[in-house]
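Participant: Enclosed is the structure file work_35.txt (compact mmCIF, N, CA and C atoms and all ligand atoms).
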# COMPACT_ATOMS: atom_id res chain seq x y z
N MET A 96 -13.24 -1.23 -13.83
CA MET A 96 -14.21 -0.53 -12.98
C MET A 96 -15.26 -1.51 -12.47
N ASP A 97 -15.57 -1.36 -11.15
CA ASP A 97 -16.64 -2.14 -10.54
C ASP A 97 -17.87 -1.23 -10.50
N THR A 98 -18.91 -1.62 -11.21
CA THR A 98 -20.06 -0.71 -11.39
C THR A 98 -20.82 -0.45 -10.09
N ASP A 99 -20.60 -1.29 -9.06
CA ASP A 99 -21.28 -1.07 -7.77
C ASP A 99 -20.42 -0.28 -6.79
N CYS A 100 -19.26 0.17 -7.22
CA CYS A 100 -18.28 0.74 -6.28
C CYS A 100 -18.33 2.27 -6.32
N ILE A 101 -18.56 2.89 -5.15
CA ILE A 101 -18.68 4.35 -5.15
C ILE A 101 -17.37 5.03 -5.51
N PHE A 102 -16.24 4.46 -5.11
CA PHE A 102 -14.96 5.11 -5.42
C PHE A 102 -14.61 4.95 -6.91
N CYS A 103 -15.02 3.85 -7.52
CA CYS A 103 -14.87 3.75 -8.99
C CYS A 103 -15.69 4.82 -9.67
N LYS A 104 -16.89 5.08 -9.14
CA LYS A 104 -17.75 6.11 -9.74
C LYS A 104 -17.13 7.49 -9.57
N ILE A 105 -16.55 7.74 -8.39
CA ILE A 105 -15.86 9.02 -8.18
C ILE A 105 -14.66 9.13 -9.13
N ALA A 106 -13.90 8.04 -9.25
CA ALA A 106 -12.72 8.05 -10.14
C ALA A 106 -13.12 8.31 -11.59
N ALA A 107 -14.28 7.80 -11.97
CA ALA A 107 -14.74 7.97 -13.36
C ALA A 107 -15.42 9.33 -13.58
N GLY A 108 -15.64 10.08 -12.48
CA GLY A 108 -16.32 11.37 -12.61
C GLY A 108 -17.84 11.23 -12.64
N ASP A 109 -18.33 10.02 -12.32
CA ASP A 109 -19.78 9.79 -12.34
C ASP A 109 -20.46 10.18 -11.03
N LEU A 110 -19.67 10.33 -9.97
CA LEU A 110 -20.16 10.85 -8.69
C LEU A 110 -19.28 12.03 -8.31
N PRO A 111 -19.87 13.08 -7.74
CA PRO A 111 -19.04 14.25 -7.41
C PRO A 111 -18.17 14.01 -6.18
N ALA A 112 -17.04 14.68 -6.14
CA ALA A 112 -16.17 14.66 -4.96
C ALA A 112 -15.36 15.95 -4.98
N LYS A 113 -14.96 16.37 -3.78
CA LYS A 113 -14.15 17.59 -3.67
C LYS A 113 -12.68 17.18 -3.87
N LYS A 114 -12.28 17.18 -5.13
CA LYS A 114 -10.95 16.68 -5.51
C LYS A 114 -9.84 17.65 -5.15
N VAL A 115 -8.72 17.12 -4.70
CA VAL A 115 -7.55 17.98 -4.49
C VAL A 115 -6.38 17.55 -5.38
N TYR A 116 -6.43 16.34 -5.91
CA TYR A 116 -5.37 15.88 -6.81
C TYR A 116 -5.95 14.80 -7.72
N GLU A 117 -5.50 14.81 -8.96
CA GLU A 117 -5.90 13.75 -9.89
C GLU A 117 -4.86 13.62 -10.99
N ASP A 118 -4.51 12.41 -11.31
CA ASP A 118 -3.77 12.16 -12.55
C ASP A 118 -4.38 10.93 -13.20
N ASP A 119 -3.67 10.33 -14.13
CA ASP A 119 -4.29 9.21 -14.85
C ASP A 119 -4.45 7.96 -13.98
N GLN A 120 -3.72 7.89 -12.86
CA GLN A 120 -3.73 6.66 -12.06
C GLN A 120 -4.29 6.80 -10.64
N ILE A 121 -4.20 7.99 -10.07
CA ILE A 121 -4.64 8.16 -8.68
C ILE A 121 -5.48 9.43 -8.53
N MET A 122 -6.19 9.48 -7.42
CA MET A 122 -7.02 10.65 -7.14
C MET A 122 -7.07 10.86 -5.63
N ALA A 123 -7.17 12.13 -5.20
CA ALA A 123 -7.32 12.46 -3.78
C ALA A 123 -8.50 13.42 -3.65
N PHE A 124 -9.31 13.18 -2.64
CA PHE A 124 -10.50 14.03 -2.44
C PHE A 124 -10.85 14.03 -0.96
N PHE A 125 -11.64 15.03 -0.56
CA PHE A 125 -12.03 15.13 0.84
C PHE A 125 -13.03 14.05 1.23
N ASP A 126 -12.84 13.49 2.41
CA ASP A 126 -13.80 12.53 2.96
C ASP A 126 -15.11 13.25 3.25
N ILE A 127 -16.19 12.60 2.93
CA ILE A 127 -17.52 13.22 3.10
C ILE A 127 -17.90 13.36 4.57
N HIS A 128 -17.35 12.52 5.44
CA HIS A 128 -17.60 12.59 6.88
C HIS A 128 -16.26 12.74 7.61
N PRO A 129 -15.69 13.96 7.59
CA PRO A 129 -14.32 14.13 8.09
C PRO A 129 -14.17 13.80 9.58
N LYS A 130 -13.08 13.10 9.89
CA LYS A 130 -12.77 12.75 11.28
C LYS A 130 -11.59 13.57 11.80
N ALA A 131 -11.18 14.57 11.04
CA ALA A 131 -10.15 15.52 11.45
C ALA A 131 -10.39 16.77 10.62
N SER A 132 -9.72 17.88 10.97
CA SER A 132 -10.02 19.11 10.24
C SER A 132 -9.60 19.01 8.77
N VAL A 133 -8.59 18.20 8.50
CA VAL A 133 -8.29 17.82 7.11
C VAL A 133 -8.36 16.30 7.03
N HIS A 134 -9.27 15.80 6.25
CA HIS A 134 -9.43 14.34 6.09
C HIS A 134 -9.62 14.05 4.61
N LEU A 135 -8.56 13.51 4.03
CA LEU A 135 -8.57 13.20 2.60
C LEU A 135 -8.54 11.70 2.39
N LEU A 136 -9.00 11.29 1.23
CA LEU A 136 -8.89 9.90 0.81
C LEU A 136 -8.07 9.87 -0.48
N VAL A 137 -7.11 8.98 -0.53
CA VAL A 137 -6.27 8.86 -1.73
C VAL A 137 -6.49 7.45 -2.28
N ILE A 138 -6.88 7.40 -3.54
CA ILE A 138 -7.25 6.10 -4.14
C ILE A 138 -6.51 5.86 -5.45
N PRO A 139 -6.27 4.58 -5.75
CA PRO A 139 -5.90 4.26 -7.13
C PRO A 139 -7.19 4.32 -7.95
N LYS A 140 -7.12 4.76 -9.19
CA LYS A 140 -8.33 4.76 -10.02
C LYS A 140 -8.76 3.32 -10.35
N LYS A 141 -7.78 2.45 -10.45
CA LYS A 141 -8.06 1.03 -10.71
C LYS A 141 -8.80 0.43 -9.52
N HIS A 142 -9.81 -0.37 -9.76
CA HIS A 142 -10.52 -1.02 -8.65
C HIS A 142 -9.68 -2.14 -8.07
N ILE A 143 -9.23 -1.91 -6.84
CA ILE A 143 -8.52 -2.92 -6.06
C ILE A 143 -9.23 -2.90 -4.71
N ALA A 144 -9.81 -3.99 -4.28
CA ALA A 144 -10.69 -3.96 -3.11
C ALA A 144 -9.93 -3.71 -1.81
N THR A 145 -8.84 -4.43 -1.61
CA THR A 145 -8.09 -4.34 -0.35
C THR A 145 -6.59 -4.52 -0.64
N LEU A 146 -5.79 -4.31 0.39
CA LEU A 146 -4.34 -4.58 0.24
C LEU A 146 -4.10 -6.04 -0.15
N ASN A 147 -4.97 -6.92 0.32
CA ASN A 147 -4.81 -8.35 0.03
C ASN A 147 -4.95 -8.65 -1.46
N ASP A 148 -5.58 -7.74 -2.18
CA ASP A 148 -5.83 -7.96 -3.61
C ASP A 148 -4.75 -7.38 -4.51
N LEU A 149 -3.73 -6.77 -3.88
CA LEU A 149 -2.62 -6.24 -4.67
C LEU A 149 -1.77 -7.38 -5.20
N ASN A 150 -1.21 -7.19 -6.38
CA ASN A 150 -0.19 -8.13 -6.83
C ASN A 150 0.99 -7.35 -7.40
N THR A 151 1.99 -8.07 -7.78
CA THR A 151 3.25 -7.41 -8.14
C THR A 151 3.08 -6.44 -9.32
N THR A 152 2.10 -6.67 -10.16
CA THR A 152 1.89 -5.75 -11.30
C THR A 152 1.40 -4.38 -10.82
N ASP A 153 0.97 -4.29 -9.54
CA ASP A 153 0.52 -3.01 -8.99
C ASP A 153 1.66 -2.24 -8.29
N SER A 154 2.86 -2.75 -8.32
CA SER A 154 3.97 -2.14 -7.56
C SER A 154 4.18 -0.67 -7.92
N ALA A 155 4.23 -0.36 -9.20
CA ALA A 155 4.50 1.02 -9.60
C ALA A 155 3.35 1.93 -9.19
N LEU A 156 2.14 1.43 -9.32
CA LEU A 156 0.95 2.21 -8.95
C LEU A 156 0.97 2.53 -7.45
N ILE A 157 1.24 1.54 -6.63
CA ILE A 157 1.20 1.76 -5.18
C ILE A 157 2.38 2.62 -4.73
N SER A 158 3.49 2.44 -5.36
CA SER A 158 4.65 3.28 -5.06
C SER A 158 4.30 4.74 -5.38
N LYS A 159 3.71 4.96 -6.51
CA LYS A 159 3.31 6.31 -6.91
C LYS A 159 2.33 6.90 -5.91
N LEU A 160 1.36 6.09 -5.48
CA LEU A 160 0.34 6.57 -4.54
C LEU A 160 0.99 6.96 -3.20
N VAL A 161 1.86 6.10 -2.70
CA VAL A 161 2.49 6.39 -1.40
C VAL A 161 3.40 7.62 -1.51
N LEU A 162 4.12 7.73 -2.62
CA LEU A 162 4.98 8.92 -2.81
C LEU A 162 4.16 10.20 -2.93
N ALA A 163 2.92 10.08 -3.39
CA ALA A 163 2.05 11.27 -3.52
C ALA A 163 1.52 11.74 -2.18
N LEU A 164 1.47 10.86 -1.17
CA LEU A 164 0.83 11.22 0.11
C LEU A 164 1.44 12.49 0.71
N PRO A 165 2.75 12.57 0.91
CA PRO A 165 3.30 13.80 1.50
C PRO A 165 3.13 15.02 0.61
N GLU A 166 3.11 14.82 -0.70
CA GLU A 166 2.91 15.96 -1.61
C GLU A 166 1.48 16.51 -1.45
N ILE A 167 0.53 15.60 -1.36
CA ILE A 167 -0.87 16.01 -1.20
C ILE A 167 -1.05 16.68 0.16
N ALA A 168 -0.42 16.12 1.21
CA ALA A 168 -0.50 16.72 2.55
C ALA A 168 0.12 18.12 2.55
N LYS A 169 1.23 18.26 1.84
CA LYS A 169 1.92 19.55 1.78
C LYS A 169 1.02 20.61 1.13
N GLU A 170 0.32 20.21 0.09
CA GLU A 170 -0.62 21.13 -0.58
C GLU A 170 -1.70 21.63 0.37
N GLN A 171 -2.02 20.79 1.37
CA GLN A 171 -3.03 21.17 2.37
C GLN A 171 -2.41 21.87 3.57
N LYS A 172 -1.10 22.18 3.45
CA LYS A 172 -0.36 22.88 4.50
C LYS A 172 -0.24 22.07 5.78
N LEU A 173 -0.22 20.76 5.65
CA LEU A 173 -0.07 19.90 6.83
C LEU A 173 1.41 19.65 7.08
N GLU A 174 1.83 19.90 8.31
CA GLU A 174 3.22 19.58 8.67
C GLU A 174 3.32 18.09 8.92
N GLY A 175 2.42 17.63 9.77
CA GLY A 175 2.38 16.19 10.09
C GLY A 175 1.01 15.66 9.75
N PHE A 176 0.95 14.38 9.53
CA PHE A 176 -0.36 13.79 9.21
C PHE A 176 -0.30 12.30 9.51
N ARG A 177 -1.47 11.73 9.67
CA ARG A 177 -1.55 10.28 9.89
C ARG A 177 -2.13 9.62 8.64
N VAL A 178 -1.58 8.48 8.29
CA VAL A 178 -2.11 7.70 7.17
C VAL A 178 -2.74 6.44 7.74
N VAL A 179 -3.98 6.19 7.35
CA VAL A 179 -4.71 5.01 7.84
C VAL A 179 -5.23 4.23 6.65
N VAL A 180 -5.04 2.94 6.71
CA VAL A 180 -5.69 2.05 5.75
C VAL A 180 -6.45 1.00 6.54
N ASN A 181 -7.76 1.04 6.46
CA ASN A 181 -8.56 -0.04 7.03
C ASN A 181 -8.59 -1.15 6.00
N ASN A 182 -8.29 -2.35 6.46
CA ASN A 182 -8.10 -3.44 5.50
C ASN A 182 -8.87 -4.70 5.87
N GLY A 183 -10.04 -4.83 5.25
CA GLY A 183 -10.79 -6.07 5.37
C GLY A 183 -11.70 -6.15 6.58
N PRO A 184 -12.39 -7.28 6.70
CA PRO A 184 -13.35 -7.47 7.78
C PRO A 184 -12.71 -7.30 9.15
N GLY A 185 -13.41 -6.59 10.04
CA GLY A 185 -12.91 -6.38 11.40
C GLY A 185 -12.02 -5.17 11.53
N SER A 186 -11.68 -4.53 10.40
CA SER A 186 -10.75 -3.39 10.44
C SER A 186 -11.47 -2.05 10.45
N GLY A 187 -12.77 -2.09 10.12
CA GLY A 187 -13.50 -0.83 9.93
C GLY A 187 -13.62 -0.43 8.47
N GLN A 188 -13.10 -1.26 7.56
CA GLN A 188 -13.24 -0.91 6.13
C GLN A 188 -14.71 -1.02 5.72
N ILE A 189 -15.19 0.08 5.16
CA ILE A 189 -16.60 0.13 4.71
C ILE A 189 -16.65 0.12 3.19
N VAL A 190 -15.74 0.87 2.58
CA VAL A 190 -15.72 0.94 1.11
C VAL A 190 -14.62 0.00 0.62
N TYR A 191 -15.04 -1.00 -0.14
CA TYR A 191 -14.08 -2.01 -0.60
C TYR A 191 -13.46 -1.60 -1.95
N HIS A 192 -12.84 -0.44 -1.91
CA HIS A 192 -11.95 0.05 -2.98
C HIS A 192 -10.79 0.66 -2.21
N LEU A 193 -9.62 0.12 -2.37
CA LEU A 193 -8.45 0.52 -1.58
C LEU A 193 -8.34 2.04 -1.48
N HIS A 194 -8.15 2.53 -0.26
CA HIS A 194 -7.99 3.97 -0.06
C HIS A 194 -7.12 4.22 1.15
N PHE A 195 -6.33 5.28 1.05
CA PHE A 195 -5.46 5.71 2.13
C PHE A 195 -6.06 6.98 2.71
N HIS A 196 -6.41 6.94 4.00
CA HIS A 196 -6.89 8.14 4.66
C HIS A 196 -5.67 9.00 5.01
N ILE A 197 -5.76 10.31 4.76
CA ILE A 197 -4.79 11.28 5.29
C ILE A 197 -5.56 12.11 6.31
N LEU A 198 -5.10 12.07 7.57
CA LEU A 198 -5.75 12.82 8.64
C LEU A 198 -4.76 13.83 9.17
N GLY A 199 -5.20 15.09 9.23
CA GLY A 199 -4.27 16.11 9.72
C GLY A 199 -4.99 17.34 10.21
N GLY A 200 -4.18 18.30 10.64
CA GLY A 200 -4.76 19.51 11.21
C GLY A 200 -5.22 19.24 12.63
N LYS A 201 -6.24 20.01 13.03
CA LYS A 201 -6.76 19.82 14.38
C LYS A 201 -7.62 18.56 14.44
N GLN A 202 -7.79 18.07 15.65
CA GLN A 202 -8.72 16.96 15.93
C GLN A 202 -8.31 15.64 15.30
N ILE A 203 -7.01 15.41 15.12
CA ILE A 203 -6.66 14.07 14.65
C ILE A 203 -7.02 13.11 15.78
N PRO A 204 -7.89 12.13 15.51
CA PRO A 204 -8.25 11.22 16.59
C PRO A 204 -7.04 10.39 17.03
N THR A 205 -6.93 10.17 18.33
CA THR A 205 -5.83 9.33 18.80
C THR A 205 -6.30 7.89 18.90
N PHE A 206 -5.37 6.97 18.88
CA PHE A 206 -5.74 5.55 19.07
C PHE A 206 -4.63 4.83 19.77
P1 LIG B 301 -13.26 3.05 5.39
O1 LIG B 301 -14.05 2.92 6.66
O2 LIG B 301 -13.75 2.10 4.31
O3 LIG B 301 -11.77 2.96 5.62
O4 LIG B 301 -13.47 4.52 4.91
C1 LIG B 301 -14.42 4.89 3.96
C2 LIG B 301 -14.49 6.39 4.01
O5 LIG B 301 -15.16 6.84 2.86
C3 LIG B 301 -15.27 6.93 5.23
O6 LIG B 301 -14.41 7.78 5.99
C4 LIG B 301 -16.44 7.68 4.60
O7 LIG B 301 -16.77 8.86 5.30
C5 LIG B 301 -15.95 7.95 3.19
N1 LIG B 301 -16.99 8.01 2.18
C6 LIG B 301 -18.00 7.11 1.99
N2 LIG B 301 -18.73 7.45 0.93
C7 LIG B 301 -18.19 8.59 0.42
C8 LIG B 301 -18.51 9.41 -0.70
O8 LIG B 301 -19.45 9.18 -1.45
N3 LIG B 301 -17.72 10.49 -0.91
C9 LIG B 301 -16.64 10.79 -0.10
N4 LIG B 301 -15.94 11.87 -0.40
N5 LIG B 301 -16.31 10.02 0.95
C10 LIG B 301 -17.06 8.93 1.21
ZN ZN B 302 -13.82 0.56 -7.07
Could you quickly redo this structure as structure tokens?
Ligand code: 5GP
Ligand code: ZN
Facilitator:
Amino acid sequence: MDTDCIFCKIAAGDLPAKKVYEDDQIMAFFDIHPKASVHLLVIPKKHIATLNDLNTTDSALISKLVLALPEIAKEQKLEGFRVVVNNGPGSGQIVYHLHFHILGGKQIPTF
């Protein structure tokens, strides 16, 4: 855990979040500033700052997280959804704890 990281604090239960899924390794919760009618963030509980910081020992964790994305979207009754990962400087990443945005429902921004 990184003590300065808001997503580590959410993962530890030290900061509140509107959770929709949690197990021992991953968590999904609503984004506080939604950019679509359904906007979720899916995180590993382990502090990993960016995709660049992944290593092979994280393979099972990341596989599990990606496999959970459609299940979490299905729970929210989303037929289709967009997955976004902002990664590093210049990408729009603000929180340096790896997270996958799930955007769905109405108002999915186009790009
Ligand atoms: P990034 O720009 O790093 O890819 O996305 C960070 C996301 O985290 C933003 O969409 C922002 O609204 C969301 N966010 C930042 N702080 C909090 C928080 O304390 N709680 C929740 N639920 N979302 C947050
Ligand atoms: Zn963290």
Participant: Under the rule that only N, CA and C atoms are counted, which of A:Ile101, A:Ile127, A:Val190, A:Val178 is the nearest residue to Lys113 (chain A)?
Facilitator: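 Among A:Ile101, A:Ile127, A:Val190, A:Val178, it is A:Ile127 that comes nearest to Lys113 (chain A).
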Participant: Using only N, CA and C atoms, which of A:Val180, A:Ile203, A:Ile189, A:Cys103 sits nearest His142 (chain A)?
Facilitator: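 With only N, CA and C atoms as the atom set, the closest residue is A:Cys103.
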Participant: Show me which residues line ligand ZN 302 (chain B), defined as having an atom within 8 Å of a ligand atom where only C-alpha atoms and all ligand atoms count, and present them as a ChimeraX atom specification.
Facilitator: /A:96-104,140-144,191-193
Participant: Output N, CA and C atoms of each residue in that selection to a file, as a PDB file, in the coordinates of the input.
Facilitator:
ATOM      1  N   MET A  96     -13.240  -1.230 -13.830  1.00  0.00           N
ATOM      2  CA  MET A  96     -14.210  -0.530 -12.980  1.00  0.00           C
ATOM      3  C   MET A  96     -15.260  -1.510 -12.470  1.00  0.00           C
ATOM      4  N   ASP A  97     -15.570  -1.360 -11.150  1.00  0.00           N
ATOM      5  CA  ASP A  97     -16.640  -2.140 -10.540  1.00  0.00           C
ATOM      6  C   ASP A  97     -17.870  -1.230 -10.500  1.00  0.00           C
ATOM      7  N   THR A  98     -18.910  -1.620 -11.210  1.00  0.00           N
ATOM      8  CA  THR A  98     -20.060  -0.710 -11.390  1.00  0.00           C
ATOM      9  C   THR A  98     -20.820  -0.450 -10.090  1.00  0.00           C
ATOM     10  N   ASP A  99     -20.600  -1.290  -9.060  1.00  0.00           N
ATOM     11  CA  ASP A  99     -21.280  -1.070  -7.770  1.00  0.00           C
ATOM     12  C   ASP A  99     -20.420  -0.280  -6.790  1.00  0.00           C
ATOM     13  N   CYS A 100     -19.260   0.170  -7.220  1.00  0.00           N
ATOM     14  CA  CYS A 100     -18.280   0.740  -6.280  1.00  0.00           C
ATOM     15  C   CYS A 100     -18.330   2.270  -6.320  1.00  0.00           C
ATOM     16  N   ILE A 101     -18.560   2.890  -5.150  1.00  0.00           N
ATOM     17  CA  ILE A 101     -18.680   4.350  -5.150  1.00  0.00           C
ATOM     18  C   ILE A 101     -17.370   5.030  -5.510  1.00  0.00           C
ATOM     19  N   PHE A 102     -16.240   4.460  -5.110  1.00  0.00           N
ATOM     20  CA  PHE A 102     -14.960   5.110  -5.420  1.00  0.00           C
ATOM     21  C   PHE A 102     -14.610   4.950  -6.910  1.00  0.00           C
ATOM     22  N   CYS A 103     -15.020   3.850  -7.520  1.00  0.00           N
ATOM     23  CA  CYS A 103     -14.870   3.750  -8.990  1.00  0.00           C
ATOM     24  C   CYS A 103     -15.690   4.820  -9.670  1.00  0.00           C
ATOM     25  N   LYS A 104     -16.890   5.080  -9.140  1.00  0.00           N
ATOM     26  CA  LYS A 104     -17.750   6.110  -9.740  1.00  0.00           C
ATOM     27  C   LYS A 104     -17.130   7.490  -9.570  1.00  0.00           C
ATOM     28  N   LYS A 140      -7.120   4.760  -9.190  1.00  0.00           N
ATOM     29  CA  LYS A 140      -8.330   4.760 -10.020  1.00  0.00           C
ATOM     30  C   LYS A 140      -8.760   3.320 -10.350  1.00  0.00           C
ATOM     31  N   LYS A 141      -7.780   2.450 -10.450  1.00  0.00           N
ATOM     32  CA  LYS A 141      -8.060   1.030 -10.710  1.00  0.00           C
ATOM     33  C   LYS A 141      -8.800   0.430  -9.520  1.00  0.00           C
ATOM     34  N   HIS A 142      -9.810  -0.370  -9.760  1.00  0.00           N
ATOM     35  CA  HIS A 142     -10.520  -1.020  -8.650  1.00  0.00           C
ATOM     36  C   HIS A 142      -9.680  -2.140  -8.070  1.00  0.00           C
ATOM     37  N   ILE A 143      -9.230  -1.910  -6.840  1.00  0.00           N
ATOM     38  CA  ILE A 143      -8.520  -2.920  -6.060  1.00  0.00           C
ATOM     39  C   ILE A 143      -9.230  -2.900  -4.710  1.00  0.00           C
ATOM     40  N   ALA A 144      -9.810  -3.990  -4.280  1.00  0.00           N
ATOM     41  CA  ALA A 144     -10.690  -3.960  -3.110  1.00  0.00           C
ATOM     42  C   ALA A 144      -9.930  -3.710  -1.810  1.00  0.00           C
ATOM     43  N   TYR A 191     -15.040  -1.000  -0.140  1.00  0.00           N
ATOM     44  CA  TYR A 191     -14.080  -2.010  -0.600  1.00  0.00           C
ATOM     45  C   TYR A 191     -13.460  -1.600  -1.950  1.00  0.00           C
ATOM     46  N   HIS A 192     -12.840  -0.440  -1.910  1.00  0.00           N
ATOM     47  CA  HIS A 192     -11.950   0.050  -2.980  1.00  0.00           C
ATOM     48  C   HIS A 192     -10.790   0.660  -2.210  1.00  0.00           C
ATOM     49  N   LEU A 193      -9.620   0.120  -2.370  1.00  0.00           N
ATOM     50  CA  LEU A 193      -8.450   0.520  -1.580  1.00  0.00           C
ATOM     51  C   LEU A 193      -8.340   2.040  -1.480  1.00  0.00           C
TER      52      LEU A 193
END
Participant: Point out the residue among A:Ile105, A:Gln188, A:Gly199, A:Asn182 with the least atom-to-atom distance to Asn147 (chain A), counting all atoms listed in the file.
Facilitator: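 Nearest candidate to Asn147 (chain A) out of A:Ile105, A:Gln188, A:Gly199, A:Asn182: A:Asn182.
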Participant: From the set A:Gly175, A:Lys169, A:His194, A:Gly200, which residue has the shortest atom-to-atom contact distance to ligand LIG 301 (chain B), counting all atoms listed in the file?
Facilitator: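 Ranked by minimum distance to ligand LIG 301 (chain B), first place goes to A:His194.
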Participant: Excluding Lys201 (chain A) and any residue of its chain fewer than 2 positions from it, enumerate the residues within 8 Å of it, using all atoms listed in the file, and give them as a compact mmCIF listing (two decimals) with N, CA and C atoms, in the frame of the given file.
Facilitator:
# COMPACT_ATOMS: atom_id res chain seq x y z
N LYS A 130 -13.08 13.10 9.89
CA LYS A 130 -12.77 12.75 11.28
C LYS A 130 -11.59 13.57 11.80
N ALA A 131 -11.18 14.57 11.04
CA ALA A 131 -10.15 15.52 11.45
C ALA A 131 -10.39 16.77 10.62
N SER A 132 -9.72 17.88 10.97
CA SER A 132 -10.02 19.11 10.24
C SER A 132 -9.60 19.01 8.77
N VAL A 133 -8.59 18.20 8.50
CA VAL A 133 -8.29 17.82 7.11
C VAL A 133 -8.36 16.30 7.03
N LEU A 198 -5.10 12.07 7.57
CA LEU A 198 -5.75 12.82 8.64
C LEU A 198 -4.76 13.83 9.17
N GLY A 199 -5.20 15.09 9.23
CA GLY A 199 -4.27 16.11 9.72
C GLY A 199 -4.99 17.34 10.21
N ILE A 203 -7.01 15.41 15.12
CA ILE A 203 -6.66 14.07 14.65
C ILE A 203 -7.02 13.11 15.78
N PRO A 204 -7.89 12.13 15.51
CA PRO A 204 -8.25 11.22 16.59
C PRO A 204 -7.04 10.39 17.03
Participant: Tell me, as a list in words, which residues lie within 9 Å of region 158-166 of chain A, counting only C-alpha atoms; anything in the same chain fewer than 2 positions away does not count.
Facilitator: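 Residues meeting the cut-off are Gln120, Ile121, Met122, Val137, Ile138, Pro139, Asp153, Ser154, Ala155, Leu156, Ala168, Lys169, Glu170, Gln171, Leu173, Gly175, Phe176, Val178, Phe195 and Ile197 of chain A.
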Participant: Box in all listed atoms of region 184-201 of chain A, axis-aligned, with 8 Å more on each side; write out centre and edge lengths in Å to one decimal as JSON.
Facilitator:
{"center_x": -10.4, "center_y": 6.3, "center_z": 5.7, "size_x": 28.5, "size_y": 43.5, "size_z": 33.4}
Participant: As an exercise, work out the distance from atom C of Ala106 (chain A) to CA of Asp119 (chain A) in Å and give it to one decimal place.
Facilitator: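 Going from atom C of Ala106 (chain A) over to CA of Asp119 (chain A), I get 9.5 Å.
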Participant: Can you measure CA of Gly108 (chain A) to CA of Gly187 (chain A) for me? One decimal in Å is fine.
Facilitator: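 Atom-to-atom, CA of Gly108 (chain A) to CA of Gly187 (chain A), that is 25.8 Å.
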Participant: In Å, rounded to a single decimal, give me how far CA of Leu149 (chain A) is from CA of Pro184 (chain A).
Facilitator: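 CA of Leu149 (chain A) lies at a distance of 16.5 Å from CA of Pro184 (chain A).
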Participant: I need the strand (DSSP E) residues of chain A per DSSP on the backbone, written as a list in words.
Facilitator: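 Across chain A, those assigned strand (DSSP E) are Lys114, Val115, Tyr116, Glu117, Ile121, Met122, Ala123, Phe124, Phe125, Val133, His134, Leu135, Leu136, Val137, Ile138, Pro139, Phe176, Arg177, Val178, Val179, Phe195, His196, Ile197, Leu198 and Gly199 of chain A.
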Participant: Which residue gives the smallest distance to Thr145 (chain A) among A:Lys114, A:Ile157, A:Lys172, A:Gly183, with only N, CA and C atoms counted?
Facilitator: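 Of the candidates, the smallest distance to Thr145 (chain A) is held by A:Gly183.
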